[in-house]
Every structure is written in C-alpha cells, then in structure tokens.
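File shown here: structure.txt, holding compact mmCIF, C-alpha atoms.
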# COMPACT_ATOMS: atom_id res chain seq x y z
CA MET Q 1 34.13 179.05 33.14
CA THR Q 2 36.64 181.74 32.27
CA LYS Q 3 35.34 185.26 32.31
CA LYS Q 4 35.68 187.47 29.28
CA ARG Q 5 37.16 190.76 30.37
CA VAL Q 6 36.74 194.02 28.52
CA LEU Q 7 37.47 197.09 30.61
CA PHE Q 8 37.28 200.64 29.32
CA CYS Q 9 39.34 203.44 30.76
CA GLY Q 10 38.81 207.13 30.16
CA GLN Q 11 35.65 208.99 29.40
CA GLY Q 12 33.94 210.29 26.29
CA GLY Q 13 33.84 213.95 25.49
CA LEU Q 14 36.56 216.60 25.21
CA ASP Q 15 40.00 216.14 26.63
CA ASN Q 16 39.89 219.26 28.79
CA GLY Q 17 36.67 218.18 30.48
CA SER Q 18 34.80 221.30 29.39
CA LEU Q 19 32.78 222.35 26.42
CA HIS Q 20 34.27 225.85 26.14
CA GLY Q 21 37.59 226.25 27.94
CA SER Q 22 37.61 230.02 27.49
CA GLU Q 23 34.40 230.61 29.48
CA GLN Q 24 34.76 231.22 33.22
CA GLY Q 25 32.56 231.30 36.30
CA ASN Q 26 29.11 229.81 36.30
CA ASN Q 27 29.11 229.20 32.55
CA GLY Q 28 32.34 227.22 32.83
CA ILE Q 29 30.86 225.06 35.59
CA ARG Q 30 27.73 224.44 33.56
CA ASP Q 31 29.76 223.57 30.51
CA LYS Q 32 31.82 221.13 32.54
CA GLU Q 33 28.68 219.51 33.94
CA HIS Q 34 27.18 219.41 30.44
CA ASP Q 35 30.27 217.69 29.07
CA GLU Q 36 30.20 215.11 31.82
CA LEU Q 37 26.54 214.40 31.24
CA SER Q 38 27.10 214.21 27.51
CA GLY Q 39 29.86 211.73 28.13
CA ASP Q 40 27.45 209.69 30.23
CA ASP Q 41 24.92 209.71 27.42
CA ALA Q 42 27.39 207.84 25.26
CA SER Q 43 27.66 204.37 26.71
CA HIS Q 44 31.03 203.66 28.30
CA PHE Q 45 30.55 200.06 27.26
CA SER Q 46 29.96 200.88 23.63
CA LEU Q 47 31.97 198.81 21.22
CA THR Q 48 31.98 201.24 18.33
CA GLY Q 49 35.23 202.94 19.23
CA GLU Q 50 37.59 200.06 19.87
CA ILE Q 51 35.90 196.67 19.55
CA LEU Q 52 33.85 197.39 16.43
CA PRO Q 53 35.74 200.17 14.67
CA SER Q 54 33.55 202.33 12.50
CA LEU Q 55 34.09 202.14 8.75
CA GLY Q 56 37.19 200.01 8.67
CA ALA Q 57 38.91 200.96 11.92
CA THR Q 58 39.08 204.66 11.13
CA ALA Q 59 37.37 205.82 14.29
CA ARG Q 60 39.48 207.34 17.06
CA SER Q 61 38.50 206.83 20.66
CA ASN Q 62 40.16 207.55 23.98
CA ARG Q 63 38.75 204.35 25.44
CA ARG Q 64 41.34 201.64 25.91
CA VAL Q 65 40.78 197.92 26.04
CA ILE Q 66 42.55 196.29 28.97
CA LEU Q 67 43.65 192.79 28.00
CA ARG Q 68 45.78 190.24 29.74
CA ARG Q 69 49.52 190.49 29.60
CA TYR Q 70 51.15 189.51 26.29
CA ILE Q 71 47.74 189.48 24.54
CA LEU Q 72 47.23 191.75 21.55
CA SER Q 73 44.01 193.30 20.36
CA PRO Q 74 43.11 192.43 16.73
CA PHE Q 75 42.43 196.14 16.23
CA ASP Q 76 45.81 197.26 17.52
CA PRO Q 77 47.44 199.52 14.87
CA ARG Q 78 50.70 197.58 15.09
CA TYR Q 79 48.96 194.28 14.46
CA ARG Q 80 46.96 195.83 11.61
CA LEU Q 81 50.23 197.00 10.04
CA TRP Q 82 51.67 193.50 10.35
CA ASP Q 83 48.54 191.99 8.82
CA THR Q 84 48.72 194.42 5.89
CA PHE Q 85 52.36 193.48 5.33
CA LEU Q 86 51.35 189.82 5.13
CA VAL Q 87 48.69 190.68 2.55
CA PHE Q 88 51.38 192.01 0.20
CA LEU Q 89 53.31 188.78 0.73
CA VAL Q 90 50.15 186.91 -0.27
CA PHE Q 91 50.16 188.79 -3.58
CA TYR Q 92 53.63 187.37 -4.19
CA THR Q 93 52.41 183.90 -3.24
CA ALA Q 94 49.43 184.19 -5.60
CA TRP Q 95 51.81 184.79 -8.51
CA VAL Q 96 54.67 182.45 -7.66
CA SER Q 97 52.70 179.35 -6.62
CA PRO Q 98 50.92 178.74 -9.98
CA PHE Q 99 54.11 179.74 -11.80
CA GLU Q 100 56.20 177.15 -9.99
CA PHE Q 101 53.45 174.58 -10.45
CA GLY Q 102 53.36 175.07 -14.21
CA TYR Q 103 56.93 175.82 -15.21
CA LEU Q 104 59.38 174.63 -12.55
CA SER Q 105 60.09 171.19 -11.16
CA LYS Q 106 62.31 172.61 -8.44
CA PRO Q 107 62.97 176.31 -7.78
CA SER Q 108 66.52 177.33 -7.15
CA GLY Q 109 68.61 180.39 -6.51
CA GLY Q 110 66.91 183.60 -5.50
CA LEU Q 111 63.40 182.24 -6.02
CA ALA Q 112 63.92 179.42 -3.52
CA ILE Q 113 65.44 181.81 -0.98
CA THR Q 114 62.55 184.25 -1.38
CA ASP Q 115 60.01 181.45 -0.91
CA ASN Q 116 61.61 180.37 2.34
CA VAL Q 117 61.83 183.96 3.61
CA VAL Q 118 58.12 184.47 2.88
CA ASN Q 119 57.32 181.18 4.60
CA GLY Q 120 59.31 182.38 7.59
CA PHE Q 121 57.12 185.48 7.94
CA PHE Q 122 53.98 183.35 7.87
CA ALA Q 123 55.52 181.00 10.44
CA ILE Q 124 56.00 183.99 12.73
CA ASP Q 125 52.36 184.90 12.18
CA ILE Q 126 51.28 181.39 13.24
CA VAL Q 127 53.03 181.86 16.58
CA LEU Q 128 51.69 185.41 16.90
CA THR Q 129 48.10 184.27 16.35
CA PHE Q 130 48.20 182.39 19.66
CA PHE Q 131 48.61 185.76 21.41
CA VAL Q 132 45.92 187.73 19.56
CA ALA Q 133 42.49 188.10 21.17
CA TYR Q 134 39.41 187.37 19.10
CA LEU Q 135 35.92 188.82 19.00
CA ASP Q 136 33.17 186.60 20.35
CA LYS Q 137 30.34 186.67 17.79
CA SER Q 138 27.65 186.07 20.41
CA SER Q 139 28.64 188.74 22.95
CA TYR Q 140 30.85 191.01 20.80
CA LEU Q 141 33.48 191.02 23.51
CA LEU Q 142 37.18 190.41 23.12
CA VAL Q 143 38.28 187.04 24.48
CA ASP Q 144 41.78 187.19 25.93
CA ASN Q 145 41.93 183.73 27.50
CA ARG Q 146 45.03 181.98 26.12
CA LYS Q 147 43.49 178.51 26.19
CA LYS Q 148 40.39 179.63 24.31
CA ILE Q 149 42.50 181.50 21.75
CA ALA Q 150 44.68 178.44 21.17
CA TRP Q 151 41.74 176.04 20.93
CA ARG Q 152 39.87 178.28 18.52
CA TYR Q 153 42.90 178.59 16.24
CA THR Q 154 43.72 174.89 16.47
CA LYS Q 155 40.31 173.73 15.34
CA SER Q 156 40.06 176.28 12.52
CA TRP Q 157 43.08 177.34 10.41
CA LEU Q 158 46.16 176.01 12.21
CA VAL Q 159 46.60 172.78 10.24
CA LEU Q 160 46.35 174.45 6.82
CA ASP Q 161 48.58 177.33 7.91
CA VAL Q 162 51.29 174.94 9.09
CA ILE Q 163 51.14 172.77 5.96
CA SER Q 164 51.39 175.80 3.67
CA THR Q 165 54.43 177.07 5.58
CA ILE Q 166 56.61 173.94 5.60
CA PRO Q 167 59.87 174.51 3.64
CA SER Q 168 60.02 172.88 0.21
CA GLU Q 169 63.29 171.09 0.95
CA LEU Q 170 61.76 169.33 3.93
CA ILE Q 171 58.59 168.30 2.13
CA ARG Q 172 60.56 166.75 -0.73
CA GLU Q 173 62.36 164.51 1.78
CA ILE Q 174 59.13 163.41 3.47
CA LEU Q 175 56.87 162.71 0.48
CA PRO Q 176 57.17 159.63 -1.78
CA ASP Q 177 58.92 159.86 -5.13
CA LYS Q 178 55.68 160.19 -7.10
CA LEU Q 179 54.56 163.17 -5.01
CA GLN Q 180 57.87 164.98 -4.77
CA SER Q 181 56.94 167.42 -7.49
CA TYR Q 182 57.33 170.84 -5.93
CA GLY Q 183 54.36 172.23 -7.84
CA TYR Q 184 51.73 170.24 -5.96
CA PHE Q 185 53.03 171.41 -2.64
CA SER Q 186 53.36 175.03 -3.70
CA MET Q 187 49.65 175.17 -4.61
CA LEU Q 188 48.76 174.67 -0.95
CA ARG Q 189 50.04 178.17 -0.29
CA LEU Q 190 47.06 179.61 -2.14
CA TRP Q 191 45.22 179.00 1.12
CA ARG Q 192 46.63 182.35 2.17
CA LEU Q 193 44.37 184.13 -0.31
CA ARG Q 194 41.71 184.40 2.38
CA ARG Q 195 43.73 187.30 3.80
CA VAL Q 196 43.32 189.25 0.56
CA SER Q 197 39.55 188.85 0.68
CA LYS Q 198 39.44 190.21 4.24
CA PHE Q 199 41.80 193.02 3.26
CA PHE Q 200 39.58 194.25 0.43
CA SER Q 201 36.49 193.91 2.61
CA ARG Q 202 38.11 196.19 5.16
CA LEU Q 203 39.14 198.72 2.53
CA GLU Q 204 35.61 198.83 1.10
CA LYS Q 205 34.31 199.92 4.51
CA ASP Q 206 37.10 202.43 5.11
CA ARG Q 207 35.94 205.96 4.37
CA ASN Q 208 39.54 207.06 3.73
CA TYR Q 209 39.54 205.10 0.45
CA ASN Q 210 37.31 205.63 -2.56
CA TYR Q 211 34.85 202.75 -2.81
CA PHE Q 212 34.79 202.83 -6.62
CA VAL Q 213 38.59 202.60 -6.85
CA VAL Q 214 38.81 199.79 -4.29
CA ARG Q 215 36.19 197.73 -6.10
CA CYS Q 216 37.88 198.26 -9.47
CA VAL Q 217 41.27 197.23 -8.08
CA LYS Q 218 39.68 194.13 -6.56
CA LEU Q 219 38.07 193.13 -9.87
CA ILE Q 220 41.34 193.70 -11.73
CA CYS Q 221 43.23 191.53 -9.24
CA VAL Q 222 40.68 188.73 -9.58
CA THR Q 223 40.90 188.85 -13.38
CA LEU Q 224 44.70 188.85 -13.45
CA PHE Q 225 44.87 185.96 -11.00
CA VAL Q 226 42.48 183.84 -13.06
CA VAL Q 227 44.36 184.57 -16.30
CA HIS Q 228 47.71 183.77 -14.67
CA MET Q 229 46.52 180.58 -13.00
CA ALA Q 230 44.77 179.19 -16.09
CA GLY Q 231 47.83 179.85 -18.26
CA CYS Q 232 50.14 178.04 -15.82
CA PHE Q 233 47.79 175.04 -15.55
CA TYR Q 234 47.37 174.83 -19.31
CA TYR Q 235 51.12 174.84 -19.89
CA ARG Q 236 51.66 172.10 -17.31
CA ILE Q 237 49.13 169.88 -19.11
CA ALA Q 238 51.10 170.30 -22.32
CA VAL Q 239 54.47 169.60 -20.68
CA ASN Q 240 53.30 166.41 -18.99
CA TYR Q 241 51.57 164.99 -22.06
CA LYS Q 242 53.22 161.88 -23.55
CA ASP Q 243 53.52 163.33 -27.07
CA PRO Q 244 54.70 166.97 -27.01
CA SER Q 245 53.84 167.44 -30.69
CA LYS Q 246 50.16 166.79 -29.95
CA THR Q 247 49.75 169.65 -27.50
CA TRP Q 248 48.40 173.17 -27.88
CA ILE Q 249 51.90 174.66 -27.91
CA GLY Q 250 53.82 171.78 -29.54
CA SER Q 251 51.55 171.68 -32.57
CA VAL Q 252 52.53 175.24 -33.58
CA TRP Q 253 55.96 175.38 -31.99
CA GLU Q 254 57.94 172.15 -32.23
CA ASP Q 255 60.95 172.95 -30.06
CA PHE Q 256 59.16 175.01 -27.40
CA HIS Q 257 61.28 173.48 -24.60
CA GLY Q 258 64.37 175.21 -25.99
CA GLU Q 259 62.86 178.69 -25.82
CA SER Q 260 63.21 181.00 -22.86
CA LEU Q 261 60.88 180.69 -19.90
CA TRP Q 262 59.59 184.22 -20.47
CA ILE Q 263 58.45 183.45 -24.04
CA ARG Q 264 56.60 180.31 -22.93
CA TYR Q 265 54.96 182.20 -20.08
CA VAL Q 266 53.79 185.00 -22.40
CA LYS Q 267 52.28 182.49 -24.84
CA SER Q 268 50.35 180.85 -22.01
CA LEU Q 269 49.01 184.20 -20.83
CA TYR Q 270 48.10 185.07 -24.41
CA TRP Q 271 46.00 181.91 -24.74
CA SER Q 272 44.38 182.46 -21.35
CA THR Q 273 43.50 186.09 -22.12
CA THR Q 274 41.98 185.37 -25.52
CA THR Q 275 39.92 182.53 -24.05
CA LEU Q 276 38.75 184.58 -21.08
CA SER Q 277 37.71 187.47 -23.30
CA THR Q 278 35.91 185.01 -25.66
CA THR Q 279 37.99 186.35 -28.56
CA GLY Q 280 39.42 182.98 -29.57
CA TYR Q 281 41.68 183.75 -32.53
CA GLY Q 282 42.23 180.02 -33.12
CA ASP Q 283 46.02 180.17 -33.45
CA LEU Q 284 46.40 178.37 -30.10
CA HIS Q 285 43.80 175.70 -29.44
CA ALA Q 286 43.36 172.42 -27.58
CA VAL Q 287 44.68 169.32 -29.36
CA ASN Q 288 44.57 166.31 -27.03
CA PRO Q 289 41.62 165.17 -24.85
CA GLN Q 290 43.16 166.43 -21.59
CA GLU Q 291 43.49 169.93 -22.96
CA MET Q 292 39.96 169.84 -24.34
CA ILE Q 293 38.53 168.88 -20.96
CA PHE Q 294 40.46 171.66 -19.24
CA VAL Q 295 39.35 174.21 -21.83
CA MET Q 296 35.70 173.21 -21.42
CA PHE Q 297 35.81 173.71 -17.66
CA TYR Q 298 37.73 176.96 -18.07
CA MET Q 299 35.17 178.40 -20.47
CA MET Q 300 32.27 177.39 -18.21
CA PHE Q 301 34.05 179.08 -15.33
CA ASN Q 302 34.56 182.16 -17.49
CA LEU Q 303 30.80 182.47 -17.93
CA GLY Q 304 30.37 182.98 -14.20
CA LEU Q 305 33.44 185.21 -13.90
CA THR Q 306 32.36 187.42 -16.79
CA SER Q 307 28.88 187.78 -15.30
CA TYR Q 308 30.43 188.71 -11.96
CA LEU Q 309 32.70 191.34 -13.52
CA ILE Q 310 30.01 192.87 -15.74
CA GLY Q 311 27.49 192.92 -12.89
CA ASN Q 312 29.89 194.66 -10.52
CA MET Q 313 31.05 197.22 -13.06
CA THR Q 314 27.47 197.98 -14.10
CA ASN Q 315 26.47 198.46 -10.49
CA LEU Q 316 29.40 200.82 -9.85
CA VAL Q 317 28.73 202.93 -12.95
CA VAL Q 318 24.98 203.13 -12.36
CA HIS Q 319 25.49 204.07 -8.71
CA ALA Q 320 27.98 206.80 -9.65
CA THR Q 321 25.73 208.38 -12.31
CA PHE Q 322 22.28 207.79 -10.81
CA ARG Q 323 21.97 211.13 -9.01
CA THR Q 324 23.23 213.12 -11.99
CA ARG Q 325 20.85 211.38 -14.38
CA GLN Q 326 17.94 211.88 -11.99
CA PHE Q 327 18.84 215.56 -11.59
CA ARG Q 328 18.96 216.12 -15.36
CA ASP Q 329 15.60 214.39 -15.83
CA THR Q 330 14.05 216.51 -13.09
CA ILE Q 331 15.44 219.74 -14.58
CA GLN Q 332 14.10 218.80 -17.99
CA ALA Q 333 10.66 217.97 -16.58
CA VAL Q 334 10.45 221.24 -14.63
CA SER Q 335 11.59 223.28 -17.62
CA SER Q 336 8.99 221.63 -19.84
CA PHE Q 337 6.30 222.27 -17.24
CA ALA Q 338 7.26 225.95 -16.93
CA GLN Q 339 7.32 226.50 -20.68
CA ARG Q 340 4.05 224.65 -21.24
CA ASN Q 341 2.27 226.79 -18.65
CA ARG Q 342 4.11 229.99 -19.63
CA LEU Q 343 5.30 230.73 -16.13
CA PRO Q 344 7.16 234.00 -15.48
CA ILE Q 345 10.94 233.96 -15.88
CA ARG Q 346 11.48 234.87 -12.24
CA LEU Q 347 9.37 231.95 -11.08
CA GLN Q 348 11.20 229.59 -13.43
CA GLU Q 349 14.54 230.72 -12.02
CA GLN Q 350 13.29 230.08 -8.49
CA MET Q 351 12.18 226.57 -9.41
CA LEU Q 352 15.52 225.75 -11.03
CA ALA Q 353 17.47 227.30 -8.15
CA HIS Q 354 15.57 225.13 -5.69
CA LEU Q 355 16.35 221.96 -7.67
CA CYS Q 356 20.04 222.89 -7.99
CA LEU Q 357 20.31 223.55 -4.27
CA LYS Q 358 18.59 220.29 -3.46
CA TYR Q 359 20.94 218.38 -5.79
CA ARG Q 360 23.94 220.04 -4.20
CA THR Q 361 22.84 219.17 -0.68
CA ASP Q 362 22.31 215.54 -1.69
CA SER Q 363 25.56 215.17 -3.67
CA GLU Q 364 27.76 216.88 -1.06
CA GLY Q 365 26.32 214.95 1.86
CA LEU Q 366 24.57 217.96 3.39
CA HIS Q 367 21.28 216.15 4.07
CA GLN Q 368 21.83 216.46 7.79
CA GLN Q 369 18.31 215.61 8.89
CA GLU Q 370 18.40 212.19 7.24
CA THR Q 371 21.80 211.55 8.80
CA ILE Q 372 20.70 212.50 12.29
CA GLY Q 373 17.44 210.58 11.91
CA SER Q 374 19.34 207.34 11.26
CA LEU Q 375 21.20 207.59 14.59
CA PRO Q 376 19.97 206.17 17.94
CA LYS Q 377 18.08 208.45 20.28
CA ALA Q 378 20.91 208.61 22.84
CA ILE Q 379 23.41 209.83 20.23
CA ARG Q 380 20.91 212.36 18.84
CA SER Q 381 20.42 213.72 22.35
CA SER Q 382 24.18 214.08 22.83
CA ILE Q 383 24.48 215.89 19.48
CA SER Q 384 21.66 218.30 20.34
CA ASN Q 385 23.21 219.05 23.74
CA TYR Q 386 26.57 219.75 22.15
CA LEU Q 387 25.15 222.00 19.42
CA PHE Q 388 22.36 223.90 21.21
CA TYR Q 389 23.07 223.82 24.95
CA SER Q 390 25.27 226.93 24.98
CA LEU Q 391 22.67 228.79 22.85
CA VAL Q 392 19.74 227.93 25.12
CA ASP Q 393 21.81 228.68 28.23
CA LYS Q 394 22.32 232.28 27.06
CA VAL Q 395 18.58 232.98 26.72
CA TYR Q 396 17.47 235.44 29.38
CA LEU Q 397 14.22 233.54 30.02
CA PHE Q 398 16.12 230.40 31.14
CA ARG Q 399 18.61 232.02 33.51
CA GLY Q 400 18.70 230.32 36.87
CA VAL Q 401 17.08 227.16 35.50
CA SER Q 402 18.62 223.83 36.47
CA ASN Q 403 20.87 221.99 34.05
CA ASP Q 404 18.51 219.02 33.82
CA LEU Q 405 15.70 221.25 32.56
CA LEU Q 406 18.00 222.86 30.01
CA PHE Q 407 18.99 219.44 28.71
CA GLN Q 408 15.34 218.46 28.33
CA LEU Q 409 14.57 221.74 26.53
CA VAL Q 410 17.41 221.14 24.09
CA ILE Q 411 16.11 217.64 23.30
CA LEU Q 412 12.57 218.98 22.81
CA LEU Q 413 13.97 221.68 20.55
CA LEU Q 414 15.59 219.05 18.36
CA HIS Q 415 12.33 217.09 18.12
CA LEU Q 416 10.47 220.30 17.22
CA LEU Q 417 12.94 221.13 14.45
CA ASP Q 418 12.67 217.56 13.23
CA GLY Q 419 8.91 217.86 12.88
CA LEU Q 420 9.11 221.21 11.15
CA TRP Q 421 11.67 219.89 8.69
CA LYS Q 422 9.54 216.90 7.77
CA LYS Q 423 6.53 219.12 7.06
CA PHE Q 424 8.12 222.23 5.55
CA GLY Q 425 11.63 221.10 4.56
CA ASN Q 426 11.13 221.79 0.88
CA PHE Q 427 10.08 225.37 1.58
CA PHE Q 428 13.23 226.00 3.66
CA LEU Q 429 15.41 225.36 0.62
CA PHE Q 430 14.09 228.41 -1.28
Starting from the coordinates I provided, produce the structure as structure tokens.
Amino acid sequence: MTKKRVLFCGQGGLDNGSLHGSEQGNNGIRDKEHDELSGDDASHFSLTGEILPSLGATARSNRRVILRRYILSPFDPRYRLWDTFLVFLVFYTAWVSPFEFGYLSKPSGGLAITDNVVNGFFAIDIVLTFFVAYLDKSSYLLVDNRKKIAWRYTKSWLVLDVISTIPSELIREILPDKLQSYGYFSMLRLWRLRRVSKFFSRLEKDRNYNYFVVRCVKLICVTLFVVHMAGCFYYRIAVNYKDPSKTWIGSVWEDFHGESLWIRYVKSLYWSTTTLSTTGYGDLHAVNPQEMIFVMFYMMFNLGLTSYLIGNMTNLVVHATFRTRQFRDTIQAVSSFAQRNRLPIRLQEQMLAHLCLKYRTDSEGLHQQETIGSLPKAIRSSISNYLFYSLVDKVYLFRGVSNDLLFQLVILLLHLLDGLWKKFGNFFLF
C-alpha cells in the first residue's frame, strides 16, 4: 500500500521568530519563547493553510507541502491561474456549441480554427491532470502517487474529457453519414460546464469578492445560457422540419433561409426570452407537433428556473436588508416606549445611542466575542497569548514568574473576560 505523504516545512508565527523585535534582554528572550510556544499551539499538521485554504484559497501560510517530483498541488497559484483561464474558455464553449448545433452544419474559417485551438488547450489540461495531486476525502491528505492519480482520473472524467476534445474534422471521418452532423458532436463539449460551477462555488467562498455580486452574476449567466440554448434548439427544429412553411419562423417569414444569420439568431433569442419571461406576445408561436412538444417541455422547465431565480434573489435581498429593517423596528419600539412612559430626554438619548452603537458593531463586524467564541480552544489560547502576554508580563506582581504560569494566567484572563461579557456585555456598550 502506497503511503500518502504530506510534509510541512517552516513554523507558524512571525518571520523574525520574536513577538517584538525591538525589545532586548530578558523581554526579548521571553517574547521569542512565547512566539515558539504560540507556534506550537497551532498544529503543524493543520490543513487550513495549504490543504484546505480558508475562504476560497485566500489564506497565506508559510507551510509548504512537499510532493513528489513533477506533481503539482491543486492549490498551487499557477495551477489555479490555469484553471481560471480554462473557465473563460468554457464560457466560449457554452455559447458556440448550441450555436453551431442550431445554425451551422459545418463551421469554417475563423470559427473552426478557434474551436480547434480551444480543444487544444483542454487536451493539454487532460495531460496535466495526470500530474496534479488530489485531496483524499477520507483523510484530507494530498495523494501524490502517480498510479492512484491516473486511476482516479481514468475511472471518473477521462472518457468524457477525451470525447469532448476530439477535433471535428476527425470525428466527421469516423462517424457514419447519418451522424456526421457537426452539431451533435459539438454538444458534447457542454460537459465542460462543470468547471464553471466549481468556479462560482470558489468565488462565493472567497472573501475578496462580494457574495451578492457573485451570486447575481451566476444567476445572470444561468439565465442567458438557458435563453441562448433554447433559441438554438428551437431554430434547429424549424430548419429540419419537412415543410418550412409550417414552422414557427416560416409561418411569419417565408424566405427566412435567405436572411442573414444574425437576424435569424436574434429572432430565436426573442422567442426564447418572451417565453422564459411568460410574456408570450403570440407573434412567434409553435405550429407543428414537434415544436409544440418542445415548447411544452421548455415552459415546464421555466417554472423550475423561475422559482430558482426568484428564490435566490429574494434570499439575497432579504439577507442584505434584514439588519437594517430590524434596527429600524427596534428604534421605533424604543422611541414609542420612551414617549409612552415620558422618560427624560437624556435617558432617551442614552437608549438610542446604545442601540446605534450595537447596530454599528454588528454591521461592521465588530462583534469580537462571538467571533472568538466560534473558534477552537487552541486557537483562542494562541490569540490570547498574542494579545495579552506582553501586558501581563509587564505587571510588577508577576516579575520573575515562569513563562508557563504567565501563559496560564493569560488564558484564565480570557475566560474571565468571556464570562463578564456574557453577563454584562450590554452594559459595556453604554
């Protein structure tokens, strides 16, 4: 059985190995010992810095993962940059694949060259994936064994990745005449959309990006993709129907084949948008049975998509305005209480000042006690040592006391402040 190796080099704490580099003598030695002990408090085998990056790989750590030669970490910044580049290529694929399926029998010129160039980048990624370590879900350790990496990729996504990357010219030579339509093959490339889903999931957890903006962009992309794909499918049904005059576009536009590709594409998007938004002007409607069946399934799908969009937007708006609405209701209730009981003006101002300060601490993320309380005990101890050790060390009563006792006193001090805050926290805000 091959051993999974994850080795960490370096040590937590400050780079200079001391808490305060300007202090000399005994204080400098104590600070150095404190920093070393604080670094020991944080587990050297913790995965939060490198293996499980906090909030979308935004954490910075001086721990390094030692992998085998020619094996990349999936959290390597260079590999992340390459993966992001492929995501933008997927956006191109998401537009061009339904377009070619609906409007083109065989792409040519610059479009065909661009398709092959994009396929070439994804072919490079297939080879690169065999040299990228993966995270074991049971042990949360990086696996850098080449055989295990290859076997895992082979039994998961390799076949679909290879099929979606084969050049169109080659596939037309292999397939029978009835299946040589380029559109069917191009739709296999939509398999790459899984990268976009992972990309948005990573951005939603990244604190460098606004969550509301990321979610809105994701919902807009989903809506545009559905409108584009439905319009391309609907046009292909009309083109392949035996009687062009009995189609949704031929019934209102007899010689639609002679018009420019852009005009036909816009009409398809117009129909798709009006159907998705349930407007339904009636100027473009299904005529033959095939179109009617497609429209029925499309409208049933739109019910779920519309519910998804409205639910997400409602959740985002309510979450963004909840604190403000709660604050206004509280202010109104306190003002009514003060006026009903004819409280003095000075006391009313104190009550309102307390509520305003409490709202500010909550909205600006200043509720430190709740933040610290959600952390593990070892991390809370390290934070208390970093914040209060130098203060306790300067107290005359504790001079000459061992470092271990000072560390214990600092931890007890944090627990004492925690208890006082829970009991009298509201009074401290006045």
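Among the candidate residues Q:Leu89, Q:Ile331, Q:Ala238, Q:Ile220, the one lying nearest to Lys358 (chain Q) is Q:Ile331, with distances computed using only C-alpha atoms.
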Distance CA of Tyr103 (chain Q)-CA of Pro244 (chain Q), one decimal place? 14.9 Å
Pick out the residues sitting within 9 Å of region 240-242 of chain Q, and hand them over as a ChimeraX atom specification; count only C-alpha atoms, and ignore anything fewer than 4 positions along from it in its own chain. /Q:235-236,246-247,288,290
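Taking CA of Ala338 (chain Q) and CA of Met351 (chain Q) as the two end points, the separation is 9.0 Å.
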Which residues, written as a VMD selection string, have at least one atom at most 10 Å from region 154-163 of chain Q, with all atoms listed in the file counted and residues fewer than 3 positions away on the same chain left out? chain Q and resid 119 122 to 123 125 to 126 129 to 130 148 to 151 166 to 167 171 185 188 to 189 191 to 192
Pick from Q:Glu254, Q:Arg323, Q:Phe337, Q:Thr306 nearest to Thr361 (chain Q), counting only C-alpha atoms: Q:Arg323
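Of the listed residues (Q:Arg202, Q:His319, Q:Arg340, Q:His285), Q:His285 comes nearest to Val252 (chain Q); the distances count all atoms listed in the file.
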Give me the residues near region 388-393 of chain Q as JSON, numbers by chain, where near means some atom within 8 Å (using all atoms listed in the file) and where sequence neighbours in that chain fewer than 2 positions away do not count. {"Q": [31, 384, 385, 386, 395, 398, 399, 406, 407, 410]}
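Counting from CA of Leu67 (chain Q), the distance to CA of Asn145 (chain Q) is 9.2 Å.
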Quick one: residues within 12 Å of Arg328 (chain Q), only C-alpha atoms counted, chain neighbours fewer than 5 positions away excluded, as a ChimeraX atom specification? /Q:321-323,333-335,352,355-356,359
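Of the residues under consideration (Q:Leu413, Q:Val287, Q:Cys216, Q:Val87), Q:Cys216 shows the shortest atom-to-atom contact distance to Asn315 (chain Q) when counting all atoms listed in the file.
Nearest-residue note for Ala112 (chain Q): choosing from Q:Glu100, Q:Asp255, Q:Ser197, Q:Asn208, the minimum distance belongs to Q:Glu100, counting all atoms listed in the file.
With only C-alpha atoms as the basis for measurement, Q:Trp248 is the residue among Q:Phe91, Q:Trp248, Q:Tyr70, Q:Tyr308 that approaches Phe294 (chain Q) most closely.
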